[in-house]
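Asks: My questions will all concern the structure given below.
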Amino acid sequence: MDSARREFLSGLGAFAVAKSWPLSTSEISKQSGPANSPFRVAVINDEISQDFGRACEVASQKFGMKWMELRGMWNKNIVKLDAHDISESQRILKKYQLRVTDIASPLFKVDWKGAPKSKFSPKQDQFNADFTFEQQGEVLERSIELAKIFDTDRIRCFDFWRLDDPAPYRAAINETLRDAAEKAGKQGRILVLENEPSCNTATGAEAANVLSSVQSRFFMLNWDPGNAAGSGERPYPDGYDRLPKDRIGHCHCKDATRNGQKYEWAAMGRGMIDWVGQFRALKRDGYQHAVSLETHWQGGGSPEASTEQSWAGMKKQLERAGAL
């Protein structure tokens, strides 16, 4: 076993120590979000800053949020946090009265073993995640422990880097997703699959097919209209209309524009997605989970400034939708 793998696996033991400092939800407001939105209005922390304290300060004090999605902090992927990192992040969350929507893990964002290497497989790590196919079981185990520690029932996942022809592998991929969801379910957690252009489920249409095939009450969708738009689908109403509404378990919020055949990220409210219609539909259909800002757009001059501008647009859209 190489040293990197040994270090990764041995890190699991740190969580037993970290659990000595649980986040007390009884001491944190249970208000859904700004102005009592029907949704858990949130932002992904590292879209603001790798400084977790600053990210929480902005989300709480500037944006008025009560929820945070955890992906990475202090230049570490969420599943690489050690006991000290976890203790410090819990202290900060408690200070700013923030609760956690989900663990935005990199689970299954790797090449499918035995298939041709995907053209979307990155040449360098994304979000400080460098895990192998063989390590995905440990990524799942650690994500479940983190979900317990941060008092959330949701773990984000993917379905492997996109293949030109996933058909020969789709049944096995679905079985892997089902098995992982059942393992999470036994620990009281739910996997939420993100539709992602670089992975095998990119659109609402593709997500509907996967949800139909993976029949587990512990497997839901992290609906990302921005990613669907970047894959050429009109996310609302077209993609959304195809989804089973009772299996949407999380929602990412970002906007996009199209320049010829190329898609580019945009601040919320400055792109092509009908977010007002999407928020209205989610509210109408009884959705009560997270709407989490995933800025991605970098036109504001800095991650914090870009996210602040995107939040201003998202807030207006929520207001117009009667959801804020």
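Identifiers for the structure tokens are assigned positionally: chains receive A, B, ... in sequence, residues are indexed from 1 per chain, and ligands are indexed from 1 in the order shown.
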Identify all residues of segment 51-252 of chain A in strand (DSSP E) (DSSP on the backbone) and supply them as JSON, numbers by chain.
Replies: {"A": [67, 68, 69, 70, 72, 73, 76, 77, 99, 100, 101, 102, 103, 104, 105, 106, 107, 154, 155, 156, 157, 190, 191, 192, 193, 194, 219, 220, 221, 222, 223, 248, 249, 250, 251, 252]}
Asks: Take the residues just selected and output them with C-alpha atoms as a tab-separated table (two decimals), in the first residue's frame.
Replies:
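Output (part-v1.tsv):
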chain	number	residue	atom	x	y	z
A	67	TRP	CA	-27.37	26.95	5.91
A	68	MET	CA	-24.04	26.04	4.36
A	69	GLU	CA	-22.98	23.33	1.91
A	70	LEU	CA	-19.56	21.87	2.68
A	72	GLY	CA	-13.67	22.06	0.84
A	73	MET	CA	-11.85	24.41	3.15
A	76	LYS	CA	-8.43	20.58	1.57
A	77	ASN	CA	-11.20	18.49	0.10
A	99	ARG	CA	-26.36	24.33	9.79
A	100	VAL	CA	-25.07	21.99	7.07
A	101	THR	CA	-27.24	21.03	4.09
A	102	ASP	CA	-25.04	18.19	2.86
A	103	ILE	CA	-21.54	16.86	2.42
A	104	ALA	CA	-20.53	17.76	-1.16
A	105	SER	CA	-18.21	14.79	-1.52
A	106	PRO	CA	-16.35	13.77	-4.71
A	107	LEU	CA	-17.79	10.25	-4.48
A	154	ARG	CA	-27.31	14.14	2.61
A	155	ILE	CA	-24.14	13.19	0.72
A	156	ARG	CA	-23.52	14.38	-2.84
A	157	CYS	CA	-22.18	11.89	-5.41
A	190	ILE	CA	-29.12	9.65	1.55
A	191	LEU	CA	-26.99	9.89	-1.59
A	192	VAL	CA	-27.91	12.75	-3.92
A	193	LEU	CA	-26.59	12.28	-7.46
A	194	GLU	CA	-25.55	15.50	-9.16
A	219	PHE	CA	-30.94	7.58	-3.62
A	220	MET	CA	-32.14	10.99	-4.83
A	221	LEU	CA	-31.10	13.74	-7.24
A	222	ASN	CA	-29.04	16.85	-6.70
A	223	TRP	CA	-30.81	18.82	-9.45
A	248	ILE	CA	-35.27	15.68	-5.83
A	249	GLY	CA	-33.21	15.89	-2.66
A	250	HIS	CA	-30.97	18.90	-3.26
A	251	CYS	CA	-30.66	21.76	-5.76
A	252	HIS	CA	-27.63	23.72	-6.97
Asks: Quick one: everything within 10 Å of Asp285 of chain A, counting only C-alpha atoms, minus sequence neighbours fewer than 6 positions away in the same chain. Send it as a list in words.
Replies: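 That gives Lys245, Asp246 and Phe279 of chain A.
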Asks: Write out as a list of chain:residue names which residues come within 6 Å of segment 37-46 of chain A when counting only C-alpha atoms, dropping same-chain ones fewer than 3 positions away.
Replies: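 Contacts, in chain order: A:Ser32, A:Gly33, A:Ser49, A:Gln50, A:Ala55, A:Trp67, A:Met68, A:Glu69, A:Leu70, A:Gly72, A:Gln288, A:His289, A:Ala290, A:Val291, A:Ser292, A:Leu293, A:Glu294, A:Ala323, A:Leu324.
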Asks: List the spatial neighbours of Thr203 of chain A as a PyMOL selection string - criterion: any atom at most 6 Å away, only C-alpha atoms, same-chain residues fewer than 3 positions off excluded.
Replies: chain A and resi 195+206+228
Asks: With C-alpha atoms kept, could you save the residues just selected as a PDB file, in the first residue's frame?
Replies:
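The result, written out as again-v8.pdb:
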ATOM      1  CA  ASN A 195     -26.237  15.847 -12.877  1.00  0.00           C
ATOM      2  CA  GLU A 206     -30.617  11.365 -18.185  1.00  0.00           C
ATOM      3  CA  ALA A 228     -28.225  20.716 -17.531  1.00  0.00           C
TER       4      ALA A 228
END
Asks: Contacts of segment 110-126 of chain A at 8 Å or less, counting only C-alpha atoms, minus same-chain residues fewer than 5 places along, as a list in words?
Replies: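 Here the qualifying residues turn out to be Phe131, Thr132, Phe133, Phe160, Trp161, Arg162, Leu163, Asp164, Tyr169, Ser198 and Cys199 of chain A.
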Asks: Once you have the residues from the selection above, write them out as an mmCIF file, in the first residue's frame, restricted to N, CA and C atoms.
Replies:
data_model
loop_
_atom_site.group_PDB
_atom_site.id
_atom_site.type_symbol
_atom_site.label_atom_id
_atom_site.label_comp_id
_atom_site.auth_asym_id
_atom_site.auth_seq_id
_atom_site.Cartn_x
_atom_site.Cartn_y
_atom_site.Cartn_z
ATOM 1 N N PHE A 131 -8.639 10.922 -5.424
ATOM 2 C CA PHE A 131 -8.920 9.553 -5.030
ATOM 3 C C PHE A 131 -9.062 8.639 -6.253
ATOM 4 N N THR A 132 -8.705 7.391 -6.074
ATOM 5 C CA THR A 132 -8.767 6.416 -7.149
ATOM 6 C C THR A 132 -10.097 5.674 -7.125
ATOM 7 N N PHE A 133 -10.327 4.894 -8.166
ATOM 8 C CA PHE A 133 -11.520 4.048 -8.216
ATOM 9 C C PHE A 133 -11.546 3.118 -7.006
ATOM 10 N N PHE A 160 -19.394 8.794 -12.292
ATOM 11 C CA PHE A 160 -18.171 8.501 -13.032
ATOM 12 C C PHE A 160 -18.038 9.388 -14.272
ATOM 13 N N TRP A 161 -16.769 9.619 -14.652
ATOM 14 C CA TRP A 161 -16.488 10.492 -15.794
ATOM 15 C C TRP A 161 -17.201 9.978 -17.039
ATOM 16 N N ARG A 162 -17.687 10.905 -17.826
ATOM 17 C CA ARG A 162 -18.588 10.583 -18.936
ATOM 18 C C ARG A 162 -17.887 9.765 -20.030
ATOM 19 N N LEU A 163 -18.566 8.729 -20.467
ATOM 20 C CA LEU A 163 -18.084 7.859 -21.534
ATOM 21 C C LEU A 163 -18.789 8.185 -22.839
ATOM 22 N N ASP A 164 -18.094 7.992 -23.955
ATOM 23 C CA ASP A 164 -18.730 8.192 -25.257
ATOM 24 C C ASP A 164 -19.913 7.247 -25.422
ATOM 25 N N TYR A 169 -21.769 -0.304 -19.742
ATOM 26 C CA TYR A 169 -21.388 -0.226 -18.320
ATOM 27 C C TYR A 169 -22.516 0.297 -17.434
ATOM 28 N N SER A 198 -19.676 16.561 -17.192
ATOM 29 C CA SER A 198 -18.504 15.724 -17.403
ATOM 30 C C SER A 198 -18.692 14.298 -16.889
ATOM 31 N N CYS A 199 -19.876 14.015 -16.331
ATOM 32 C CA CYS A 199 -20.176 12.671 -15.841
ATOM 33 C C CYS A 199 -21.305 12.047 -16.658
#
Asks: Which residues of segment 250-275 of chain A have any atom within 6 Å of an atom in segment 295-317 of chain A when counting only C-alpha atoms, and what is the closest pair of atoms for each, with the distance in Å to one decimal? Order the rows by chain and rising number and write it as a Markdown table.
Replies:
| residue | atom | partner | partner_atom | distance |
| --- | --- | --- | --- | --- |
| A:Lys254 | CA | A:Thr295 | CA | 5.6 |
| A:Trp265 | CA | A:Trp297 | CA | 5.0 |
| A:Ala266 | CA | A:Trp297 | CA | 5.2 |
| A:Ala267 | CA | A:Ser310 | CA | 4.5 |
| A:Met268 | CA | A:Ser310 | CA | 4.8 |
| A:Gly269 | CA | A:Gly313 | CA | 5.0 |
Asks: Between A:Ile273, A:Ser212, A:Thr257, A:Gly226, which has the minimum distance to Pro244 of chain A (counting only C-alpha atoms)?
Replies: A:Ser212
Asks: Please return as number ranges by chain: the residues of segment 56-285 of chain A that backbone DSSP assigns to helix (DSSP H, G or I).
Replies: A: 56-62, 78-80, 83-95, 133-149, 167-186, 204-213, 225-230, 235-241, 245-247, 275-284
Asks: Please provide as a VMD selection string all residues within 10 Å of Arg234 of chain A, with the sequence filter that same-chain residues fewer than 3 positions apart are discarded (counting only C-alpha atoms).
Replies: chain A and resid 203 to 204 225 to 226 228 to 231 237 to 240 272 to 274
Asks: Once you have the residues from the selection above, write them out as a PDB file, in the first residue's frame, restricted to N, CA and C atoms.
Replies:
ATOM      1  N   THR A 203     -28.101  15.647 -17.695  1.00  0.00           N
ATOM      2  CA  THR A 203     -29.333  16.402 -17.925  1.00  0.00           C
ATOM      3  C   THR A 203     -30.481  15.855 -17.084  1.00  0.00           C
ATOM      4  N   GLY A 204     -31.577  16.566 -17.103  1.00  0.00           N
ATOM      5  CA  GLY A 204     -32.767  16.078 -16.435  1.00  0.00           C
ATOM      6  C   GLY A 204     -33.268  14.788 -17.064  1.00  0.00           C
ATOM      7  N   PRO A 225     -29.811  22.768 -12.540  1.00  0.00           N
ATOM      8  CA  PRO A 225     -30.247  23.319 -13.818  1.00  0.00           C
ATOM      9  C   PRO A 225     -29.106  23.940 -14.628  1.00  0.00           C
ATOM     10  N   GLY A 226     -28.128  24.545 -13.952  1.00  0.00           N
ATOM     11  CA  GLY A 226     -26.997  25.128 -14.666  1.00  0.00           C
ATOM     12  C   GLY A 226     -26.211  24.089 -15.427  1.00  0.00           C
ATOM     13  N   ALA A 228     -27.370  21.204 -16.444  1.00  0.00           N
ATOM     14  CA  ALA A 228     -28.225  20.716 -17.531  1.00  0.00           C
ATOM     15  C   ALA A 228     -28.183  21.676 -18.715  1.00  0.00           C
ATOM     16  N   ALA A 229     -28.223  22.974 -18.427  1.00  0.00           N
ATOM     17  CA  ALA A 229     -28.145  23.972 -19.501  1.00  0.00           C
ATOM     18  C   ALA A 229     -26.820  23.870 -20.231  1.00  0.00           C
ATOM     19  N   GLY A 230     -25.731  23.661 -19.473  1.00  0.00           N
ATOM     20  CA  GLY A 230     -24.413  23.517 -20.082  1.00  0.00           C
ATOM     21  C   GLY A 230     -24.282  22.276 -20.936  1.00  0.00           C
ATOM     22  N   SER A 231     -25.239  21.353 -20.796  1.00  0.00           N
ATOM     23  CA  SER A 231     -25.248  20.132 -21.603  1.00  0.00           C
ATOM     24  C   SER A 231     -26.235  20.230 -22.761  1.00  0.00           C
ATOM     25  N   PRO A 237     -38.656  24.585 -18.456  1.00  0.00           N
ATOM     26  CA  PRO A 237     -39.358  23.468 -17.811  1.00  0.00           C
ATOM     27  C   PRO A 237     -38.981  22.075 -18.300  1.00  0.00           C
ATOM     28  N   ASP A 238     -38.207  21.974 -19.408  1.00  0.00           N
ATOM     29  CA  ASP A 238     -38.058  20.682 -20.083  1.00  0.00           C
ATOM     30  C   ASP A 238     -37.449  19.608 -19.181  1.00  0.00           C
ATOM     31  N   GLY A 239     -36.240  19.869 -18.666  1.00  0.00           N
ATOM     32  CA  GLY A 239     -35.577  18.865 -17.845  1.00  0.00           C
ATOM     33  C   GLY A 239     -36.327  18.581 -16.561  1.00  0.00           C
ATOM     34  N   TYR A 240     -36.768  19.640 -15.914  1.00  0.00           N
ATOM     35  CA  TYR A 240     -37.471  19.500 -14.637  1.00  0.00           C
ATOM     36  C   TYR A 240     -38.756  18.693 -14.785  1.00  0.00           C
ATOM     37  N   MET A 272     -29.440  32.409 -19.018  1.00  0.00           N
ATOM     38  CA  MET A 272     -30.538  31.940 -19.856  1.00  0.00           C
ATOM     39  C   MET A 272     -31.545  31.078 -19.108  1.00  0.00           C
ATOM     40  N   ILE A 273     -31.282  30.752 -17.843  1.00  0.00           N
ATOM     41  CA  ILE A 273     -32.148  29.830 -17.112  1.00  0.00           C
ATOM     42  C   ILE A 273     -33.310  30.589 -16.477  1.00  0.00           C
ATOM     43  N   ASP A 274     -34.502  30.022 -16.596  1.00  0.00           N
ATOM     44  CA  ASP A 274     -35.693  30.620 -15.980  1.00  0.00           C
ATOM     45  C   ASP A 274     -35.733  30.199 -14.511  1.00  0.00           C
TER      46      ASP A 274
END
Asks: Would you mind reading off the distance between atom CA of Ser89 of chain A and atom CA of Phe52 of chain A, one decimal, in Å?
Replies: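 For atom CA of Ser89 of chain A relative to atom CA of Phe52 of chain A, the distance reads 7.1 Å.
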